[in-house]
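Notes follow the structure.
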Amino acid sequence: MREKKEPLVIDCTSCKARFRLWIPLADLDEWEQGSAISCIKCGAHYIVKKTKEGFEVNAAAQEGSETGTGAFAIDTHTERGPLVLDDSAEEPTPFMSTDERAQPAPEAAPPVLPTILVVEDDALSRKMVENTLQDNKRRLILVKNGAEAMQILKDESVDLLVVDLYLKNPDDPGSLMDGEEVLREIMRMELQIPAIVTTGKELVDDISLDPKWFNFNVKDFIQKGNPFWVDELKVKVTDIIAKR
């Protein structure tokens with residue numbers, strides 16, 4: 001609920017400007033003692049007192065005043081902070097200090113790009129995928145084995161997984177999981193990540209009909225045996241990301 005305030009219009013005798021001072025109703029009793037304010041344009045000082053009839057405004061001594069354009073009206077009897085004089089018809093926005101007003105407006109947050117995790121043990125295939133999928137509309141993370149993939153999934157939010165079916169490599173200590181095991185582990189972690197499975201050793205039609213892939217949230221398969229498989233992958237990645 002917005003705090004109720006009473007407007008007070010002041011005509012500055014020094015610069016002939018007219019200002020409106022909004023006074024919180026909760027502070028009216030304190031204004032009976034008199035509050036010092038300054039013209040927001042020329043810095044002229046006034047003493048404002050609350051009376052039974054309304055408000056009494058009197059010019060105050062100008063000695064020691066160094067306020068100028070941009071000065072605020074100050075209520076010396078409250079800890080609520082400066083009260084802003086303005087010449088608008090609406091209530092002023094909540095008070096901002098001079099330091100806050102001097103700060104530049106915060107920059108808009110950059111858009112959140114979809115993150116694609118690619119798990120591929122073959123270095124040439126990883127490079128082909130990187131060259132094809134890397135652009136300014138998506139964030140690409142490439143790893144070479146299941147262990148690295150699990151670490152990424154613990155630390156990152158992933159929107160799409162591209163995983164090779166055969167990842168086990170006796171020369172790589174981190175390659176103890178194949179693609180299906182990666183998908184099983186993701187399901188065990190209860191992560192709802194759509195996946196594309198790639199394979200270069202089997203015909204896609206021979207494996208894609210198995211209902212287990214539905215449980216693994218696999219959306220499509222890519223046969224790496226043809227020279228245009230990365231272009232096909234890009235089309236399917238774009239389609240899945242657009243539907244997420």
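Following the order of the structure tokens, first chain is A, next is B, and so on, with residues numbered from 1 inside each chain and ligands from 1 in the order they appear.
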
Using only C-alpha atoms, which residues sit within 9 Å of A:Asn169 once same-chain residues fewer than 4 positions away are excluded, as a list in words? Asp121, Asn145, Pro173, Gly174, Ser175 and Leu176 of chain A

Extract, using only C-alpha atoms, all DNA, RNA and protein residues at most 12 Å from A:Lys212, discarding same-chain residues fewer than 5 positions from it, and format them as a ChimeraX atom specification. /A:180,183-184,187,207,217-219

Write down as a ChimeraX atom specification the residues of stretch 126-192 of chain A whose backbone DSSP state falls under alpha helix (DSSP H). /A:126-133,146-155,179-188

For A:Ser125, find every residue with an atom within 12 Å (counting only C-alpha atoms), except residues of its own chain fewer than 2 positions away, and show them as a PyMOL selection string. chain A and resi 118-123+127-132+142-144+162-164+198-200+224-225+227-230+233

How many Å lie between atom CA of A:Ile141 and atom CA of A:Asp205, rounded to one decimal? 28.0 Å

So which one's closest to A:Ile152, A:Phe19, A:Met177, A:Ile116, A:Pro211? Using only C-alpha atoms, please.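 Among the listed residues, A:Ile116 lies closest to A:Ile152.
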
Go ahead and compute the interatomic distance for atom CA of A:Ala195 and atom CA of A:Ile241, in Å to one decimal. 10.8 Å

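Going from atom CA of A:Ala147 to atom CA of A:Asn215 covers 21.6 Å.
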